[in-house]
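**Q** Structure: upload_25.cif, mmCIF, N, CA and C atoms.
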data_query
loop_
_atom_site.label_atom_id
_atom_site.label_comp_id
_atom_site.auth_asym_id
_atom_site.auth_seq_id
_atom_site.Cartn_x
_atom_site.Cartn_y
_atom_site.Cartn_z
N MET A 1 0.86 -1.18 0.00
CA MET A 1 0.00 0.00 0.00
C MET A 1 0.90 1.24 0.00
N THR A 2 0.76 2.03 -1.01
CA THR A 2 1.53 3.26 -1.09
C THR A 2 0.60 4.45 -1.27
N VAL A 3 1.20 5.60 -1.15
CA VAL A 3 0.50 6.87 -1.34
C VAL A 3 1.12 7.54 -2.55
N GLN A 4 0.31 8.26 -3.30
CA GLN A 4 0.81 8.96 -4.49
C GLN A 4 1.31 10.34 -4.12
N GLN A 5 2.60 10.54 -4.35
CA GLN A 5 3.23 11.83 -4.14
C GLN A 5 3.49 12.45 -5.51
N ILE A 6 3.19 13.71 -5.65
CA ILE A 6 3.47 14.41 -6.90
C ILE A 6 4.75 15.21 -6.72
N SER A 7 5.70 15.01 -7.63
CA SER A 7 6.93 15.79 -7.65
C SER A 7 6.82 16.80 -8.77
N VAL A 8 7.11 18.05 -8.45
CA VAL A 8 6.94 19.14 -9.41
C VAL A 8 8.24 19.94 -9.49
N PHE A 9 8.72 20.16 -10.71
CA PHE A 9 9.89 21.00 -10.91
C PHE A 9 9.46 22.45 -11.03
N VAL A 10 10.10 23.32 -10.26
CA VAL A 10 9.82 24.75 -10.32
C VAL A 10 11.15 25.51 -10.41
N GLU A 11 11.13 26.61 -11.11
CA GLU A 11 12.33 27.44 -11.21
C GLU A 11 12.71 27.97 -9.84
N ASN A 12 14.00 28.09 -9.62
CA ASN A 12 14.50 28.62 -8.36
C ASN A 12 14.64 30.14 -8.49
N ARG A 13 13.48 30.82 -8.34
CA ARG A 13 13.47 32.27 -8.38
C ARG A 13 12.30 32.77 -7.53
N PRO A 14 12.36 34.00 -7.07
CA PRO A 14 11.32 34.53 -6.17
C PRO A 14 9.92 34.44 -6.79
N GLY A 15 8.98 34.06 -5.96
CA GLY A 15 7.57 34.05 -6.37
C GLY A 15 7.06 32.74 -6.95
N GLN A 16 7.93 31.78 -7.19
CA GLN A 16 7.48 30.54 -7.82
C GLN A 16 6.56 29.72 -6.93
N LEU A 17 6.86 29.64 -5.65
CA LEU A 17 5.99 28.91 -4.75
C LEU A 17 4.65 29.64 -4.59
N ALA A 18 4.69 30.95 -4.58
CA ALA A 18 3.45 31.74 -4.48
C ALA A 18 2.57 31.49 -5.70
N GLU A 19 3.18 31.48 -6.87
CA GLU A 19 2.44 31.22 -8.11
C GLU A 19 1.85 29.80 -8.11
N PHE A 20 2.65 28.86 -7.67
CA PHE A 20 2.22 27.46 -7.62
C PHE A 20 1.02 27.28 -6.68
N THR A 21 1.13 27.84 -5.47
CA THR A 21 0.05 27.67 -4.51
C THR A 21 -1.21 28.42 -4.93
N LYS A 22 -1.05 29.52 -5.63
CA LYS A 22 -2.21 30.26 -6.15
C LYS A 22 -2.97 29.41 -7.18
N LEU A 23 -2.24 28.68 -8.01
CA LEU A 23 -2.87 27.79 -8.98
C LEU A 23 -3.67 26.71 -8.27
N LEU A 24 -3.09 26.10 -7.24
CA LEU A 24 -3.81 25.07 -6.49
C LEU A 24 -5.06 25.65 -5.84
N GLU A 25 -4.94 26.84 -5.28
CA GLU A 25 -6.09 27.49 -4.66
C GLU A 25 -7.20 27.73 -5.68
N ALA A 26 -6.83 28.21 -6.86
CA ALA A 26 -7.83 28.51 -7.90
C ALA A 26 -8.59 27.26 -8.34
N LYS A 27 -7.94 26.11 -8.25
CA LYS A 27 -8.57 24.85 -8.66
C LYS A 27 -9.12 24.06 -7.47
N ASN A 28 -9.12 24.70 -6.29
CA ASN A 28 -9.65 24.10 -5.07
C ASN A 28 -8.95 22.79 -4.71
N ILE A 29 -7.64 22.75 -4.93
CA ILE A 29 -6.84 21.57 -4.60
C ILE A 29 -6.28 21.77 -3.20
N ASP A 30 -6.51 20.78 -2.35
CA ASP A 30 -6.10 20.87 -0.95
C ASP A 30 -4.80 20.10 -0.72
N LEU A 31 -3.78 20.81 -0.29
CA LEU A 31 -2.50 20.18 0.05
C LEU A 31 -2.62 19.43 1.36
N ARG A 32 -2.14 18.20 1.39
CA ARG A 32 -2.05 17.43 2.63
C ARG A 32 -0.64 17.57 3.21
N ALA A 33 0.36 17.57 2.32
CA ALA A 33 1.76 17.70 2.76
C ALA A 33 2.56 18.35 1.64
N LEU A 34 3.63 19.03 2.02
CA LEU A 34 4.51 19.68 1.06
C LEU A 34 5.94 19.63 1.58
N SER A 35 6.85 19.33 0.69
CA SER A 35 8.27 19.37 0.99
C SER A 35 8.95 20.00 -0.20
N MET A 36 9.96 20.81 0.05
CA MET A 36 10.66 21.46 -1.05
C MET A 36 12.16 21.22 -0.91
N ALA A 37 12.76 20.74 -1.98
CA ALA A 37 14.21 20.57 -2.04
C ALA A 37 14.72 21.48 -3.14
N GLU A 38 15.88 22.05 -2.93
CA GLU A 38 16.37 23.00 -3.92
C GLU A 38 17.66 22.54 -4.57
N ALA A 39 17.82 22.98 -5.78
CA ALA A 39 19.07 22.84 -6.51
C ALA A 39 19.41 24.26 -6.98
N GLU A 40 20.47 24.39 -7.73
CA GLU A 40 20.90 25.73 -8.11
C GLU A 40 19.88 26.47 -8.97
N ASP A 41 19.33 25.81 -9.98
CA ASP A 41 18.44 26.49 -10.92
C ASP A 41 16.97 26.14 -10.76
N PHE A 42 16.68 25.10 -10.01
CA PHE A 42 15.29 24.69 -9.85
C PHE A 42 15.08 24.05 -8.49
N GLY A 43 13.82 23.93 -8.13
CA GLY A 43 13.45 23.24 -6.90
C GLY A 43 12.53 22.09 -7.23
N ILE A 44 12.46 21.16 -6.33
CA ILE A 44 11.53 20.05 -6.49
C ILE A 44 10.54 20.13 -5.34
N LEU A 45 9.29 20.36 -5.69
CA LEU A 45 8.21 20.34 -4.71
C LEU A 45 7.68 18.92 -4.66
N ARG A 46 7.56 18.39 -3.48
CA ARG A 46 6.93 17.08 -3.30
C ARG A 46 5.66 17.33 -2.52
N ILE A 47 4.54 16.96 -3.12
CA ILE A 47 3.26 17.26 -2.50
C ILE A 47 2.37 16.03 -2.45
N ILE A 48 1.53 16.01 -1.45
CA ILE A 48 0.45 15.04 -1.37
C ILE A 48 -0.82 15.86 -1.27
N VAL A 49 -1.79 15.51 -2.10
CA VAL A 49 -3.01 16.32 -2.23
C VAL A 49 -4.25 15.47 -2.04
N ASP A 50 -5.39 16.12 -2.02
CA ASP A 50 -6.65 15.42 -1.86
C ASP A 50 -7.14 14.77 -3.14
N ASP A 51 -6.61 15.15 -4.30
CA ASP A 51 -7.05 14.59 -5.58
C ASP A 51 -5.87 14.58 -6.55
N THR A 52 -5.17 13.47 -6.59
CA THR A 52 -3.95 13.37 -7.39
C THR A 52 -4.21 13.55 -8.88
N TYR A 53 -5.22 12.88 -9.40
CA TYR A 53 -5.48 12.94 -10.85
C TYR A 53 -5.75 14.37 -11.31
N ASN A 54 -6.67 15.06 -10.65
CA ASN A 54 -6.99 16.43 -11.06
C ASN A 54 -5.81 17.37 -10.87
N THR A 55 -5.02 17.13 -9.86
CA THR A 55 -3.84 17.97 -9.63
C THR A 55 -2.84 17.80 -10.76
N ILE A 56 -2.58 16.57 -11.15
CA ILE A 56 -1.65 16.31 -12.27
C ILE A 56 -2.15 17.00 -13.53
N GLN A 57 -3.43 16.88 -13.82
CA GLN A 57 -3.99 17.51 -15.03
C GLN A 57 -3.85 19.03 -14.95
N THR A 58 -4.15 19.59 -13.79
CA THR A 58 -4.03 21.04 -13.59
C THR A 58 -2.60 21.50 -13.80
N LEU A 59 -1.65 20.80 -13.21
CA LEU A 59 -0.25 21.19 -13.32
C LEU A 59 0.27 21.07 -14.74
N LYS A 60 -0.07 19.99 -15.41
CA LYS A 60 0.38 19.81 -16.80
C LYS A 60 -0.22 20.88 -17.70
N ASN A 61 -1.50 21.18 -17.50
CA ASN A 61 -2.15 22.23 -18.31
C ASN A 61 -1.52 23.60 -18.07
N ALA A 62 -0.95 23.80 -16.88
CA ALA A 62 -0.30 25.07 -16.56
C ALA A 62 1.18 25.08 -16.96
N GLY A 63 1.65 23.99 -17.55
CA GLY A 63 3.02 23.94 -18.04
C GLY A 63 4.07 23.43 -17.07
N TYR A 64 3.64 22.89 -15.95
CA TYR A 64 4.59 22.33 -14.99
C TYR A 64 5.04 20.94 -15.42
N ILE A 65 6.28 20.63 -15.14
CA ILE A 65 6.79 19.28 -15.32
C ILE A 65 6.60 18.56 -14.00
N CYS A 66 5.87 17.45 -14.03
CA CYS A 66 5.58 16.75 -12.78
C CYS A 66 5.48 15.25 -13.02
N SER A 67 5.58 14.50 -11.94
CA SER A 67 5.45 13.05 -12.01
C SER A 67 4.87 12.55 -10.70
N VAL A 68 4.37 11.33 -10.73
CA VAL A 68 3.81 10.70 -9.53
C VAL A 68 4.78 9.63 -9.05
N THR A 69 5.06 9.64 -7.76
CA THR A 69 5.99 8.70 -7.14
C THR A 69 5.27 7.99 -6.00
N PRO A 70 5.39 6.67 -5.92
CA PRO A 70 4.81 5.98 -4.77
C PRO A 70 5.69 6.16 -3.54
N VAL A 71 5.06 6.51 -2.43
CA VAL A 71 5.76 6.66 -1.16
C VAL A 71 4.96 5.92 -0.08
N VAL A 72 5.62 5.65 1.02
CA VAL A 72 4.98 4.97 2.14
C VAL A 72 4.63 6.02 3.19
N ALA A 73 3.41 5.95 3.71
CA ALA A 73 2.97 6.87 4.74
C ALA A 73 2.60 6.08 5.99
N VAL A 74 3.02 6.59 7.14
CA VAL A 74 2.66 5.95 8.40
C VAL A 74 2.06 6.99 9.34
N GLU A 75 1.23 6.50 10.24
CA GLU A 75 0.66 7.34 11.30
C GLU A 75 1.36 6.98 12.59
N ILE A 76 1.81 8.00 13.31
CA ILE A 76 2.45 7.78 14.60
C ILE A 76 1.82 8.73 15.61
N GLU A 77 2.05 8.44 16.89
CA GLU A 77 1.58 9.35 17.93
C GLU A 77 2.37 10.65 17.83
N ASP A 78 1.68 11.74 18.11
CA ASP A 78 2.34 13.05 18.10
C ASP A 78 2.93 13.31 19.47
N LYS A 79 4.07 12.63 19.74
CA LYS A 79 4.77 12.82 21.00
C LYS A 79 6.24 12.49 20.79
N PRO A 80 7.10 13.03 21.63
CA PRO A 80 8.53 12.79 21.48
C PRO A 80 8.86 11.29 21.45
N GLY A 81 9.72 10.90 20.52
CA GLY A 81 10.19 9.52 20.43
C GLY A 81 9.36 8.59 19.57
N SER A 82 8.22 9.04 19.08
CA SER A 82 7.35 8.16 18.30
C SER A 82 7.98 7.69 17.00
N LEU A 83 8.84 8.49 16.43
CA LEU A 83 9.47 8.12 15.16
C LEU A 83 10.55 7.05 15.33
N VAL A 84 11.07 6.90 16.54
CA VAL A 84 12.17 5.97 16.80
C VAL A 84 11.83 4.55 16.35
N LYS A 85 10.69 4.04 16.76
CA LYS A 85 10.31 2.67 16.41
C LYS A 85 10.24 2.48 14.90
N VAL A 86 9.69 3.46 14.21
CA VAL A 86 9.52 3.35 12.76
C VAL A 86 10.86 3.27 12.05
N VAL A 87 11.75 4.21 12.34
CA VAL A 87 13.02 4.23 11.62
C VAL A 87 13.92 3.07 12.02
N HIS A 88 13.84 2.63 13.28
CA HIS A 88 14.61 1.46 13.68
C HIS A 88 14.07 0.20 13.01
N THR A 89 12.77 0.09 12.90
CA THR A 89 12.16 -1.07 12.24
C THR A 89 12.61 -1.14 10.78
N LEU A 90 12.59 -0.01 10.11
CA LEU A 90 13.03 0.02 8.71
C LEU A 90 14.52 -0.31 8.59
N ALA A 91 15.33 0.25 9.47
CA ALA A 91 16.77 -0.02 9.44
C ALA A 91 17.05 -1.50 9.68
N GLU A 92 16.41 -2.08 10.68
CA GLU A 92 16.60 -3.49 10.99
C GLU A 92 16.14 -4.39 9.84
N GLY A 93 15.17 -3.91 9.07
CA GLY A 93 14.68 -4.66 7.92
C GLY A 93 15.51 -4.43 6.66
N GLY A 94 16.56 -3.64 6.77
CA GLY A 94 17.44 -3.39 5.63
C GLY A 94 16.88 -2.39 4.63
N ILE A 95 15.93 -1.57 5.07
CA ILE A 95 15.31 -0.58 4.19
C ILE A 95 16.05 0.75 4.32
N ASN A 96 16.58 1.24 3.22
CA ASN A 96 17.26 2.53 3.20
C ASN A 96 16.26 3.64 2.86
N LEU A 97 16.35 4.74 3.60
CA LEU A 97 15.46 5.87 3.36
C LEU A 97 16.11 6.83 2.37
N GLU A 98 15.43 7.10 1.26
CA GLU A 98 15.93 8.07 0.28
C GLU A 98 15.64 9.49 0.77
N TYR A 99 14.44 9.70 1.27
CA TYR A 99 14.08 10.96 1.92
C TYR A 99 12.81 10.74 2.73
N THR A 100 12.55 11.67 3.61
CA THR A 100 11.36 11.59 4.45
C THR A 100 10.92 13.00 4.83
N TYR A 101 9.64 13.15 5.11
CA TYR A 101 9.11 14.40 5.66
C TYR A 101 7.84 14.06 6.43
N ALA A 102 7.42 14.98 7.26
CA ALA A 102 6.29 14.71 8.14
C ALA A 102 5.32 15.88 8.14
N PHE A 103 4.11 15.61 8.62
CA PHE A 103 3.12 16.67 8.79
C PHE A 103 2.13 16.29 9.88
N LEU A 104 1.45 17.29 10.40
CA LEU A 104 0.43 17.10 11.43
C LEU A 104 -0.93 17.44 10.85
N THR A 105 -1.96 16.97 11.51
CA THR A 105 -3.33 17.34 11.13
C THR A 105 -4.08 17.71 12.41
N SER A 106 -5.29 18.14 12.22
CA SER A 106 -6.12 18.42 13.39
C SER A 106 -6.77 17.13 13.90
N LYS A 107 -6.57 16.04 13.17
CA LYS A 107 -7.12 14.73 13.57
C LYS A 107 -6.34 14.18 14.75
N LYS A 108 -7.00 13.89 15.80
CA LYS A 108 -6.45 13.30 17.02
C LYS A 108 -5.02 13.73 17.31
N ALA A 109 -4.33 13.00 18.12
CA ALA A 109 -2.95 13.32 18.47
C ALA A 109 -2.01 12.49 17.60
N ALA A 110 -2.12 12.67 16.30
CA ALA A 110 -1.34 11.87 15.37
C ALA A 110 -0.48 12.75 14.48
N ALA A 111 0.63 12.18 14.07
CA ALA A 111 1.50 12.80 13.07
C ALA A 111 1.62 11.79 11.93
N TYR A 112 1.95 12.28 10.76
CA TYR A 112 2.08 11.42 9.58
C TYR A 112 3.47 11.63 9.00
N VAL A 113 4.11 10.52 8.66
CA VAL A 113 5.46 10.57 8.13
C VAL A 113 5.47 9.88 6.77
N ILE A 114 6.10 10.54 5.81
CA ILE A 114 6.22 10.03 4.45
C ILE A 114 7.65 9.53 4.25
N PHE A 115 7.77 8.34 3.68
CA PHE A 115 9.08 7.75 3.39
C PHE A 115 9.18 7.38 1.92
N ARG A 116 10.25 7.77 1.29
CA ARG A 116 10.58 7.30 -0.06
C ARG A 116 11.66 6.24 0.11
N VAL A 117 11.36 5.04 -0.35
CA VAL A 117 12.27 3.91 -0.26
C VAL A 117 12.32 3.21 -1.61
N ALA A 118 13.34 2.41 -1.82
CA ALA A 118 13.48 1.70 -3.09
C ALA A 118 12.44 0.60 -3.24
N ASP A 119 12.10 -0.09 -2.15
CA ASP A 119 11.16 -1.21 -2.21
C ASP A 119 9.99 -0.93 -1.26
N SER A 120 8.98 -0.28 -1.78
CA SER A 120 7.83 0.11 -0.95
C SER A 120 7.09 -1.10 -0.39
N ASP A 121 6.93 -2.15 -1.19
CA ASP A 121 6.20 -3.33 -0.72
C ASP A 121 6.90 -3.97 0.47
N ALA A 122 8.23 -4.09 0.39
CA ALA A 122 8.98 -4.67 1.50
C ALA A 122 8.87 -3.79 2.74
N ALA A 123 8.96 -2.49 2.56
CA ALA A 123 8.85 -1.56 3.69
C ALA A 123 7.49 -1.68 4.36
N VAL A 124 6.43 -1.73 3.57
CA VAL A 124 5.07 -1.84 4.11
C VAL A 124 4.93 -3.14 4.90
N GLU A 125 5.43 -4.23 4.36
CA GLU A 125 5.34 -5.53 5.05
C GLU A 125 6.09 -5.49 6.39
N ILE A 126 7.28 -4.95 6.39
CA ILE A 126 8.09 -4.85 7.61
C ILE A 126 7.39 -3.98 8.65
N LEU A 127 6.85 -2.85 8.22
CA LEU A 127 6.16 -1.95 9.14
C LEU A 127 4.90 -2.59 9.73
N ARG A 128 4.13 -3.24 8.90
CA ARG A 128 2.90 -3.89 9.38
C ARG A 128 3.21 -5.00 10.39
N LYS A 129 4.22 -5.79 10.08
CA LYS A 129 4.60 -6.88 11.01
C LYS A 129 5.02 -6.32 12.37
N ALA A 130 5.54 -5.11 12.39
CA ALA A 130 5.96 -4.47 13.64
C ALA A 130 4.81 -3.74 14.33
N GLY A 131 3.63 -3.80 13.75
CA GLY A 131 2.46 -3.15 14.35
C GLY A 131 2.38 -1.66 14.10
N ILE A 132 3.08 -1.19 13.09
CA ILE A 132 3.07 0.24 12.75
C ILE A 132 1.97 0.49 11.73
N LYS A 133 1.16 1.52 11.96
CA LYS A 133 0.02 1.81 11.07
C LYS A 133 0.50 2.45 9.77
N VAL A 134 0.33 1.70 8.68
CA VAL A 134 0.61 2.22 7.35
C VAL A 134 -0.68 2.84 6.83
N VAL A 135 -0.59 4.02 6.26
CA VAL A 135 -1.76 4.78 5.85
C VAL A 135 -1.97 4.67 4.34
N SER A 136 -3.21 4.53 3.93
CA SER A 136 -3.55 4.42 2.51
C SER A 136 -3.77 5.79 1.88
N GLN A 137 -3.82 5.80 0.57
CA GLN A 137 -4.11 7.02 -0.19
C GLN A 137 -5.46 7.59 0.24
N GLU A 138 -6.45 6.73 0.35
CA GLU A 138 -7.80 7.16 0.70
C GLU A 138 -7.84 7.80 2.10
N GLU A 139 -7.09 7.23 3.04
CA GLU A 139 -7.05 7.81 4.37
C GLU A 139 -6.45 9.20 4.36
N LEU A 140 -5.37 9.39 3.59
CA LEU A 140 -4.77 10.72 3.53
C LEU A 140 -5.67 11.73 2.85
N GLU A 141 -6.39 11.28 1.83
CA GLU A 141 -7.27 12.19 1.10
C GLU A 141 -8.41 12.71 1.97
N THR A 142 -8.79 11.94 2.98
CA THR A 142 -9.94 12.30 3.81
C THR A 142 -9.55 12.72 5.22
N LEU A 143 -8.32 13.10 5.44
CA LEU A 143 -7.86 13.47 6.78
C LEU A 143 -8.55 14.69 7.36
N PHE A 144 -8.90 15.63 6.55
CA PHE A 144 -9.37 16.91 7.09
C PHE A 144 -10.85 17.08 6.98
#
The structure in this file should be written as structure tokens.
**A**
Amino acid sequence: MTVQQISVFVENRPGQLAEFTKLLEAKNIDLRALSMAEAEDFGILRIIVDDTYNTIQTLKNAGYICSVTPVVAVEIEDKPGSLVKVVHTLAEGGINLEYTYAFLTSKKAAAYVIFRVADSDAAVEILRKAGIKVVSQEELETLF
């Protein structure tokens, strides 16, 4: 079980994130999570949204270069040390983390962590066997 993350290339210049978020607002697209990595001439926005298909269509129609990447999402308690079990479980299972980011919601006392790994199926199996809640695309879409 994976979640669809959209990766979007944006120019590394002032106002690009403002322009991007204005487009999402105009199309009533709700961001669930956002991470931004930068390079010299461009940035990579990694987003999780409430409607992946419509977001991809909107972005492509606006001239953005984007792609969908499967990532693993887990729900953890929103308290110090909650991430320890997850990352140790993945490490013990031989799963290397390419990148990760997290976000909170108004839903209960939970935090959500996104992991990009080479073998999502193996990561999901290892996490489930350890009793860690893996979150589906549908669950993330309906969080708010």
**Q** Would you return as an MDAnalysis selection string the members of range 8-119 of chain A that DSSP assigns to helix (DSSP H, G or I) on this structure's backbone?
**A** chainID A and resid 16:26 52:61 82:92
**Q** Using only C-alpha atoms, collect all residues at a distance of at most 12 Å from (8.4, 30.9, -6.1) as written in the file, then present them as a list in words.
**A**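 All residues meeting the 12 Å criterion around (8.4, 30.9, -6.1) are Phe9, Val10, Glu11, Asn12, Arg13, Pro14, Gly15, Gln16, Leu17, Ala18, Glu19, Phe20, Thr21, Lys22, Met36, Glu38, Asp41, Phe42, Gly43, Ile44 and Leu45 of chain A.
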**Q** Residues within 6.5 Å of Arg116 in chain A, please, as JSON, numbers by chain. Count all atoms listed in the file; anything in the same chain fewer than 2 positions from it doesn't count.
**A** {"A": [70, 71, 72, 96, 97, 98, 99, 100, 114, 118]}
**Q** How many Å lie between CA of Asn54 in chain A and CA of Arg32 in chain A, rounded to one decimal?
**A**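 If I compute the distance from CA of Asn54 in chain A to CA of Arg32 in chain A, I get 14.6 Å.
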**Q** Please put the answer as lines of an AutoDock Vina configuration file: centre and edge lengths, in Å with one decimal, of a box along x, y and z that encloses all listed atoms of range 51-55 of chain A plus 8 Å on each side.
**A**
center_x = -4.9
center_y = 15.4
center_z = -7.8
size_x = 20.2
size_y = 21.1
size_z = 23.0
**Q** Which residues, named as in the file, does the PyMOL selection byres (((chain A and resi 122 and name CA) around 12) and name CA) pick out? Answer as a list in words.
**A** Met1, Thr2, Val72, Thr89, Leu90, Gly93, Gly94, Ile95, Asn96, Val117, Ala118, Asp119, Ser120, Asp121, Ala123, Val124, Glu125, Ile126, Leu127, Arg128 and Lys129 of chain A
**Q** Suppose a student applies the PyMOL selection byres (((chain A and resi 112 and name CA) around 7) and name CA) to this structure; what residues should they get, written as a short mmCIF file (atom, residue, chain, number, x, y, z; two decimals) with N, CA and C atoms, in the frame of the given file?
**A**
data_model
loop_
_atom_site.label_atom_id
_atom_site.label_comp_id
_atom_site.auth_asym_id
_atom_site.auth_seq_id
_atom_site.Cartn_x
_atom_site.Cartn_y
_atom_site.Cartn_z
N ALA A 73 3.41 5.95 3.71
CA ALA A 73 2.97 6.87 4.74
C ALA A 73 2.60 6.08 5.99
N VAL A 74 3.02 6.59 7.14
CA VAL A 74 2.66 5.95 8.40
C VAL A 74 2.06 6.99 9.34
N GLU A 75 1.23 6.50 10.24
CA GLU A 75 0.66 7.34 11.30
C GLU A 75 1.36 6.98 12.59
N ILE A 76 1.81 8.00 13.31
CA ILE A 76 2.45 7.78 14.60
C ILE A 76 1.82 8.73 15.61
N ALA A 102 7.42 14.98 7.26
CA ALA A 102 6.29 14.71 8.14
C ALA A 102 5.32 15.88 8.14
N PHE A 103 4.11 15.61 8.62
CA PHE A 103 3.12 16.67 8.79
C PHE A 103 2.13 16.29 9.88
N LEU A 104 1.45 17.29 10.40
CA LEU A 104 0.43 17.10 11.43
C LEU A 104 -0.93 17.44 10.85
N ALA A 110 -2.12 12.67 16.30
CA ALA A 110 -1.34 11.87 15.37
C ALA A 110 -0.48 12.75 14.48
N ALA A 111 0.63 12.18 14.07
CA ALA A 111 1.50 12.80 13.07
C ALA A 111 1.62 11.79 11.93
N VAL A 113 4.11 10.52 8.66
CA VAL A 113 5.46 10.57 8.13
C VAL A 113 5.47 9.88 6.77
N ILE A 114 6.10 10.54 5.81
CA ILE A 114 6.22 10.03 4.45
C ILE A 114 7.65 9.53 4.25
#
